[in-house]
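Structure, as structure tokens:
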2 protein chains.
Amino acid sequence: MPALLPTPFTGTVTWLGRVTDSTATLRAETLTATQLAFGGIDGDCHGGLTRPACVRTKAQYPQGTEIRNVRQLSVLSAEDLDAIAADMGLDAIDPAWLGASMVIQGIPDFTHVPPSSRLQMPSGASITIDMENRPCVYPGREIEKDRAGFGPKFKPAAQDRRGVTAWVEREGPVAVGDTVTLHIPDQPIWAHLPDA
Amino acid sequence: MPALLPTPFTGTVTWLGRVTDSTATLRAETLTATQLAFGGIDGDCHGGLTRPACVRTKAQYPQGTEIRNVRQLSVLSAEDLDAIAADMGLDAIDPAWLGASMVIQGIPDFTHVPPSSRLQMPSGASITIDMENRPCVYPGREIEKDRAGFGPKFKPAAQDRRGVTAWVEREGPVAVGDTVTLHIPDQPIWAHLPDA
């Protein structure tokens, strides 16, 4: 029996974007459709099969070490973005402020879907979720440019709502409006997890 | 805060191996040390950055579809192998029969460590665990050649003990005797898991 199991959980792609040069701006440009390649989203500066280790992996690797790139895509849910906006006192969060790759509507508690889950597109393309993403201060700086005074509110409001990072497992196209299906590892919870 | 967390759980590498040509034999040759590259273990036919989808991913991909290779390595625990042997009525299981890549001693319930966990070697090399592996009949055929009558006992005895599949996140050497450290995703359990 395979260990990767399709679930009844589906979502709709409501937004796609890419960041072409993060040294110029962290803000994403909006796309209506794109190609998912083994290196990530075409033209996205977060792409590549490997990447230099950053501060997020400092407990594992010296910064700059060449490691496999499990952060090709930043995927969030529309519901989490709405909750962040509500907590910040904003009408909405523009995913472009976050340098996001994809927004999905319809999968509950999306930020905490199981690590190694897959999201499959109607084209057959799929992405593997590494794990939860954690908020940092940079999106707040982008928000501050458009909504002065609100930038610092981002990081605390985005706790447990920052979505996931992912990489391309099978290549193919994806478009806004696509229905995506969640596949999860079908295995017991490890009995030795530290107390949360 | 990073989401990938070192744990106090460590293990010792007690065995290393590779399968150079699975069309000739599924049995692994034993190694005392090897190099972990982004494509897997040097000279192992299970290596490669991508692989053709197999029957294990038939719920996701037509067989033969090019997908990223999350099955570069087959890693098992010495404790799980001992339990399989006991259930089968054998003194021991030779990991070579299973086409294994690595055996580790000291991490409890190893087959069910969280998906997207990492195992890091003293050299800094690390592997990412995709998820639980599931037993199939092929190791039983190898066992049958050496221990006639015992082959069919493998698959049921290996349930929940077949270890995990993994791929190389950071390159570097590993040797028998190395101490490996388990890193796990530090995130809550998804609230919508199907009933086990």
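In the structure tokens, chains take the letters A, B, ... in the order shown, each chain's residues start at 1, and ligands count up from 1 in the order shown.
For chain A, the residues having at least one atom no farther than 6 Å from chain B, when counting only C-alpha atoms, are Pro2, Arg56, Ile67, Arg68, His112, Val113, Pro115, Ser116, Glu169, Arg170 and Trp190 of chain A.
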Inset, instruction - Can you list, as JSON, numbers by chain, all residues belonging to segment 12-193 of chain A that DSSP tags as strand (DSSP E or B)? - result: {"A": [12, 13, 14, 15, 16, 17, 18, 29, 30, 31, 33, 34, 35, 36, 37, 40, 41, 50, 51, 52, 66, 67, 68, 73, 74, 75, 76, 77, 102, 103, 104, 105, 118, 119, 120, 126, 127, 128, 129, 130, 131, 132, 164, 165, 166, 167, 168, 169, 170, 172, 173, 174, 175, 179, 180, 181, 182, 183, 184, 185]}
Selection: 12 Å around Ile143 of chain B, only C-alpha atoms, excl. self and same-chain fewer than 3 positions, as a PDB file with C-alpha atoms, in the first residue's frame:
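Once everything was written out, this is result38.pdb:
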ATOM      1  CA  LEU B  26      17.750  -6.301  -5.444  1.00  0.00           C
ATOM      2  CA  ARG B  27      20.328  -7.269  -2.858  1.00  0.00           C
ATOM      3  CA  ALA B  85      13.469 -11.101  12.583  1.00  0.00           C
ATOM      4  CA  MET B  88       9.652 -14.234  11.382  1.00  0.00           C
ATOM      5  CA  LEU B  90      14.929 -15.718  12.271  1.00  0.00           C
ATOM      6  CA  ALA B  92      18.587 -11.643  12.261  1.00  0.00           C
ATOM      7  CA  ILE B  93      17.624  -9.795   9.103  1.00  0.00           C
ATOM      8  CA  ASP B  94      20.471  -8.977   6.752  1.00  0.00           C
ATOM      9  CA  PRO B  95      19.768  -5.398   5.555  1.00  0.00           C
ATOM     10  CA  ALA B  96      21.273  -6.416   2.209  1.00  0.00           C
ATOM     11  CA  TRP B  97      18.186  -8.587   1.595  1.00  0.00           C
ATOM     12  CA  LEU B  98      16.072  -5.423   1.727  1.00  0.00           C
ATOM     13  CA  GLY B  99      18.249  -3.411  -0.649  1.00  0.00           C
ATOM     14  CA  VAL B 137       7.160  -8.782  -1.453  1.00  0.00           C
ATOM     15  CA  TYR B 138      10.570  -8.343  -3.118  1.00  0.00           C
ATOM     16  CA  PRO B 139      12.754  -8.583   0.007  1.00  0.00           C
ATOM     17  CA  GLY B 140      10.919 -11.798   0.807  1.00  0.00           C
ATOM     18  CA  ASP B 146      19.076 -17.700   1.744  1.00  0.00           C
ATOM     19  CA  ARG B 147      16.444 -18.929   4.224  1.00  0.00           C
ATOM     20  CA  ALA B 148      14.038 -21.175   2.366  1.00  0.00           C
ATOM     21  CA  GLY B 149      10.522 -21.044   3.762  1.00  0.00           C
ATOM     22  CA  PHE B 150      10.937 -17.667   5.446  1.00  0.00           C
ATOM     23  CA  GLY B 151      10.460 -15.346   2.467  1.00  0.00           C
ATOM     24  CA  PRO B 152       6.671 -15.021   2.649  1.00  0.00           C
ATOM     25  CA  LYS B 153       6.890 -14.117   6.330  1.00  0.00           C
ATOM     26  CA  PHE B 154       8.688 -10.841   5.557  1.00  0.00           C
ATOM     27  CA  LYS B 155       5.922  -8.574   4.338  1.00  0.00           C
TER      28      LYS B 155
END
For this session: Run DSSP on the backbone and give me the residues of chain A it puts in helix (DSSP H, G or I), as a VMD selection string.
Result: chain A and resid 55 to 57 78 to 88 95 to 98 110 to 112 138 to 146 151 to 157
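Pairwise distance (atom CA of Gly48 of chain A, atom CA of Leu36 of chain A) equals 11.6 Å.
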*asked:* I'd like the contact shell of Cys45 of chain B - 6 Å cut-off, only C-alpha atoms, skipping same-chain residues fewer than 6 positions apart - returned as a PyMOL selection string.
replied: chain B and resi 19-21
So which residues touch Ser123 of chain B within 10 Å, counting only C-alpha atoms, skipping near sequence neighbours fewer than 5 positions away, as a short mmCIF file (atom, residue, chain, number, x, y, z; two decimals) with N, CA, C and O atoms, in the first residue's frame?
data_model
loop_
_atom_site.label_atom_id
_atom_site.label_comp_id
_atom_site.auth_asym_id
_atom_site.auth_seq_id
_atom_site.Cartn_x
_atom_site.Cartn_y
_atom_site.Cartn_z
N ARG B 170 21.99 17.85 2.09
CA ARG B 170 23.35 18.42 2.02
C ARG B 170 24.34 17.30 1.78
O ARG B 170 24.26 16.25 2.43
N GLU B 171 25.26 17.54 0.86
CA GLU B 171 26.22 16.52 0.48
C GLU B 171 27.31 16.33 1.53
O GLU B 171 27.60 17.24 2.30
N GLY B 172 27.92 15.16 1.52
CA GLY B 172 29.05 14.90 2.40
C GLY B 172 29.17 13.42 2.70
O GLY B 172 28.33 12.61 2.32
N PRO B 173 30.25 13.04 3.41
CA PRO B 173 30.50 11.62 3.70
C PRO B 173 29.73 11.11 4.91
O PRO B 173 29.34 11.88 5.79
N VAL B 174 29.52 9.81 4.93
CA VAL B 174 28.95 9.12 6.09
C VAL B 174 29.67 7.79 6.22
O VAL B 174 30.08 7.21 5.20
N ALA B 175 29.84 7.32 7.44
CA ALA B 175 30.55 6.06 7.67
C ALA B 175 29.86 5.27 8.77
O ALA B 175 29.19 5.85 9.65
N ASP B 178 29.17 6.40 12.63
CA ASP B 178 28.78 7.81 12.79
C ASP B 178 27.56 7.94 13.71
O ASP B 178 26.66 7.11 13.69
N THR B 179 27.54 9.03 14.46
CA THR B 179 26.36 9.39 15.25
C THR B 179 25.52 10.36 14.43
O THR B 179 26.04 11.38 13.96
N VAL B 180 24.25 10.04 14.25
CA VAL B 180 23.37 10.92 13.48
C VAL B 180 22.36 11.56 14.41
O VAL B 180 21.96 10.97 15.42
#
| Could you name the residues that touch segment 101-106 of chain A at 7 Å or less, counting only C-alpha atoms, but leaving out those on the same chain fewer than 2 positions away, as an NGL selection string? | :A and (10-18 or 73-79 or 99 or 108)
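Separating atom CA of Gln63 of chain B from atom CA of Val176 of chain A is a distance of 27.6 Å.
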Atom pair atom CA of Arg51 of chain B + atom CA of Thr165 of chain B, distance 13.7 Å
